[in-house]
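See below for the structure under consideration.
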Amino acid sequence: MLLGYARVSTEDQDTTAQEAALTAAGVGRIFTEHASGGRWDRPQLHRLLDQARAGDVVVVWKLDRLSRSLKDLLHIMDRLDKAGAGFRSLTEAIDTTAPAGRMMLAMLGAFAEFERAMVRERTRAGLAAAAKQGRRGGRRPKLTPVQRAEVVDMVSTGRRTGAEAARLFGVNPATISRLVSSARVSALPA
C-alpha cells in the first residue's frame with residue numbers, strides 16, 4: 001500500500017498541493033501534519049511509521065517534508081527498513097526500493113541538513129547585527145513605559161487589583177504580576 005505524508009510548518013500554510021500530488025501518485029492514505037520538520041514530536045509521522053508494514057511504500061512530495069535533519073531522516077529510513085517498507089519522494093525522484101535510491105537519499109539528506117544549518121547561521125548573524133544597531137527581536141511590548149508606570153502605581157497604591165488593571169489595559173493578569181514584581185525588586189535597596 002502507498003502511504004503518504006504531507007507536512008507544513010505553520011497553521012496558516014496548507015497541504016493542498018502536497019495532497020494533490022500524493023493522490024495523483026496513487027497514494028491510498030495520507031497523513032497530514034502542521035509541525036516543524038526539525039522537530040521529532042510529530043504525532044502523524046509516528047502514526048505513519050507505526051502503520052507501515054512489509055511491502056508498503058511511504059511517499060512524500062518532497063524530502064524536506066519528511067525531515068530537515070539527516071540524523072532524523074536516517075532514523076526514519078531505518079524504521080521503514082525494519083518494517084520492510086520502502087520510501088519514495090516525488091520531487092527528487094528517490095525510491096529506496098533500489099540501491100541507487102538509497103544512496104541519493106543519503107546525499108540529499110546531507111544537503112537538507114546543510115541548508116538548515118546555513119539558515120540558522122544567517123539568522124544568528126542577522127540578530128547579532130540588529131542587536132549592534134540597538135534593535136531587539138521578539139514581540140513589541142503591549143504596554144508603553146507610561147502605561148507600565150501607571151499599572152505599577154495603581155496596583156501598588158491599592159487603587160486597583162492586578163486583575164482589574166489587566167482588564168483595564170487588555171493584558172493577561174500574569175503581565176501585571178510581572179510588572180509589579182519587577183518594580184518591587186528594582187525598588188529594593190542595593
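Ligands are numbered from 1 in the order shown, chains are lettered A, B, ... in the order of the C-alpha cells, and residues start at 1 in each chain.
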
Which parts of chain A does DSSP call strand (DSSP E or B) when run on the backbone here, written out as a ChimeraX atom specification? /A:2-8,29-34,57-60,86-89,94-95

Convert the current residue selection to file output with N, CA and C atoms, as a JSON list (two decimals), in the first residue's frame.
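Final output, saved to result-v4.json:
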```json
[["chain", "number", "residue", "atom", "x", "y", "z"],
["A", 2, "LEU", "N", 0.47, 2.28, -0.69],
["A", 2, "LEU", "CA", 1.18, 3.55, -0.69],
["A", 2, "LEU", "C", 0.62, 4.43, 0.42],
["A", 3, "LEU", "N", 1.51, 4.85, 1.35],
["A", 3, "LEU", "CA", 1.13, 5.72, 2.46],
["A", 3, "LEU", "C", 1.79, 7.07, 2.24],
["A", 4, "GLY", "N", 1.00, 8.14, 2.28],
["A", 4, "GLY", "CA", 1.54, 9.47, 2.03],
["A", 4, "GLY", "C", 1.73, 10.27, 3.31],
["A", 5, "TYR", "N", 2.69, 11.20, 3.27],
["A", 5, "TYR", "CA", 2.91, 12.10, 4.40],
["A", 5, "TYR", "C", 3.04, 13.51, 3.84],
["A", 6, "ALA", "N", 2.17, 14.41, 4.31],
["A", 6, "ALA", "CA", 2.20, 15.81, 3.90],
["A", 6, "ALA", "C", 2.40, 16.65, 5.15],
["A", 7, "ARG", "N", 3.33, 17.62, 5.08],
["A", 7, "ARG", "CA", 3.62, 18.45, 6.26],
["A", 7, "ARG", "C", 3.88, 19.88, 5.84],
["A", 8, "VAL", "N", 3.36, 20.80, 6.66],
["A", 8, "VAL", "CA", 3.71, 22.21, 6.56],
["A", 8, "VAL", "C", 4.12, 22.66, 7.95],
["A", 29, "ARG", "N", -3.58, 6.40, 1.48],
["A", 29, "ARG", "CA", -3.84, 7.05, 2.77],
["A", 29, "ARG", "C", -2.79, 8.13, 3.00],
["A", 30, "ILE", "N", -3.25, 9.33, 3.35],
["A", 30, "ILE", "CA", -2.34, 10.46, 3.56],
["A", 30, "ILE", "C", -2.40, 10.92, 5.01],
["A", 31, "PHE", "N", -1.23, 11.04, 5.62],
["A", 31, "PHE", "CA", -1.10, 11.55, 6.98],
["A", 31, "PHE", "C", -0.67, 13.02, 6.86],
["A", 32, "THR", "N", -1.45, 13.93, 7.43],
["A", 32, "THR", "CA", -1.20, 15.37, 7.29],
["A", 32, "THR", "C", -0.80, 15.97, 8.63],
["A", 33, "GLU", "N", 0.19, 16.87, 8.58],
["A", 33, "GLU", "CA", 0.73, 17.43, 9.83],
["A", 33, "GLU", "C", 1.07, 18.91, 9.67],
["A", 34, "HIS", "N", 0.87, 19.67, 10.76],
["A", 34, "HIS", "CA", 1.30, 21.07, 10.86],
["A", 34, "HIS", "C", 2.35, 21.12, 11.95],
["A", 57, "VAL", "N", 4.94, 1.42, 0.82],
["A", 57, "VAL", "CA", 5.88, 2.44, 0.40],
["A", 57, "VAL", "C", 5.37, 3.78, 0.94],
["A", 58, "VAL", "N", 6.23, 4.47, 1.69],
["A", 58, "VAL", "CA", 5.89, 5.79, 2.21],
["A", 58, "VAL", "C", 6.28, 6.80, 1.14],
["A", 59, "VAL", "N", 5.31, 7.65, 0.78],
["A", 59, "VAL", "CA", 5.53, 8.61, -0.30],
["A", 59, "VAL", "C", 5.39, 10.03, 0.25],
["A", 60, "VAL", "N", 6.36, 10.89, -0.09],
["A", 60, "VAL", "CA", 6.28, 12.32, 0.25],
["A", 60, "VAL", "C", 6.43, 13.13, -1.02],
["A", 86, "GLY", "N", 9.27, 0.63, 1.96],
["A", 86, "GLY", "CA", 10.14, 1.45, 1.14],
["A", 86, "GLY", "C", 9.79, 2.92, 1.29],
["A", 87, "PHE", "N", 10.51, 3.76, 0.55],
["A", 87, "PHE", "CA", 10.28, 5.19, 0.60],
["A", 87, "PHE", "C", 10.41, 5.77, -0.80],
["A", 88, "ARG", "N", 9.56, 6.75, -1.09],
["A", 88, "ARG", "CA", 9.63, 7.41, -2.40],
["A", 88, "ARG", "C", 9.36, 8.90, -2.21],
["A", 89, "SER", "N", 10.19, 9.72, -2.84],
["A", 89, "SER", "CA", 9.99, 11.17, -2.88],
["A", 89, "SER", "C", 9.63, 11.54, -4.31],
["A", 94, "ILE", "N", 13.34, 9.91, -5.74],
["A", 94, "ILE", "CA", 14.07, 8.95, -4.92],
["A", 94, "ILE", "C", 13.16, 7.77, -4.63],
["A", 95, "ASP", "N", 13.69, 6.59, -4.78],
["A", 95, "ASP", "CA", 12.94, 5.37, -4.48],
["A", 95, "ASP", "C", 13.90, 4.40, -3.80]]
```

Counting only C-alpha atoms, what is within 12 Å of Met107 (chain A), bar same-chain residues fewer than 2 positions away, as a list in words?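 Counting only the stated atoms, we get Leu63, Leu70, Leu73, Leu74, Glu92, Ile94, Ala100, Gly101, Arg102, Met103, Met104, Leu105, Gly109, Ala110, Phe111, Ala112, Glu113 and Phe114 of chain A.
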
Would you work out the distance separating CA of Pro145 (chain A) from CA of Leu127 (chain A), expressed in Å to one decimal? 24.1 Å

Got a sec to tell me which of region 5-189 of chain A DSSP assigns to alpha helix (DSSP H), as a VMD selection string? chain A and resid 16 to 24 43 to 51 63 to 66 70 to 83 99 to 132 145 to 156 162 to 169 173 to 187

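Once region 157-171 of chain A and its same-chain neighbours fewer than 3 positions away are set aside, Lys142, Leu143, Gln147, Val151, Val152, Asp153, Met154, Ala174, Thr175, Ile176, Ser177 and Val180 of chain A remain within 9 Å of it when counting only C-alpha atoms.
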
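Of the listed residues A:Leu90, A:Asp72, A:Ala83, A:Arg47, the one whose atoms come nearest to Val27 (chain A) is A:Leu90, with distances taken using only C-alpha atoms.
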
Extract, using only C-alpha atoms, all DNA, RNA and protein residues at most 12 Å from Asp50 (chain A), discarding same-chain residues fewer than 2 positions from it, and format them as a list in words.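 Counting only C-alpha atoms, the residues come to Leu3, Phe31, Pro43, Gln44, Leu45, His46, Arg47, Leu48, Ala52, Arg53, Ala54, Asp56, Val58, Ile76, Arg79, Leu80, Lys82, Ala83 and Ala85 of chain A.
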
Within 7 Å of region 22-25 of chain A, counting only C-alpha atoms, which residues show up once you throw out same-chain ones fewer than 3 positions away? Write them as a PyMOL selection string, please. chain A and resi 4+18-19+61

Among the residues A:Thr96, A:Met118, A:Lys132, A:Leu179, the one that comes closest to Arg148 (chain A) [using only C-alpha atoms]: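 For Arg148 (chain A), the nearest of the given residues is A:Leu179.
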
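Of note, CA of Glu115 (chain A) and CA of Arg68 (chain A) are spaced 8.8 Å apart.
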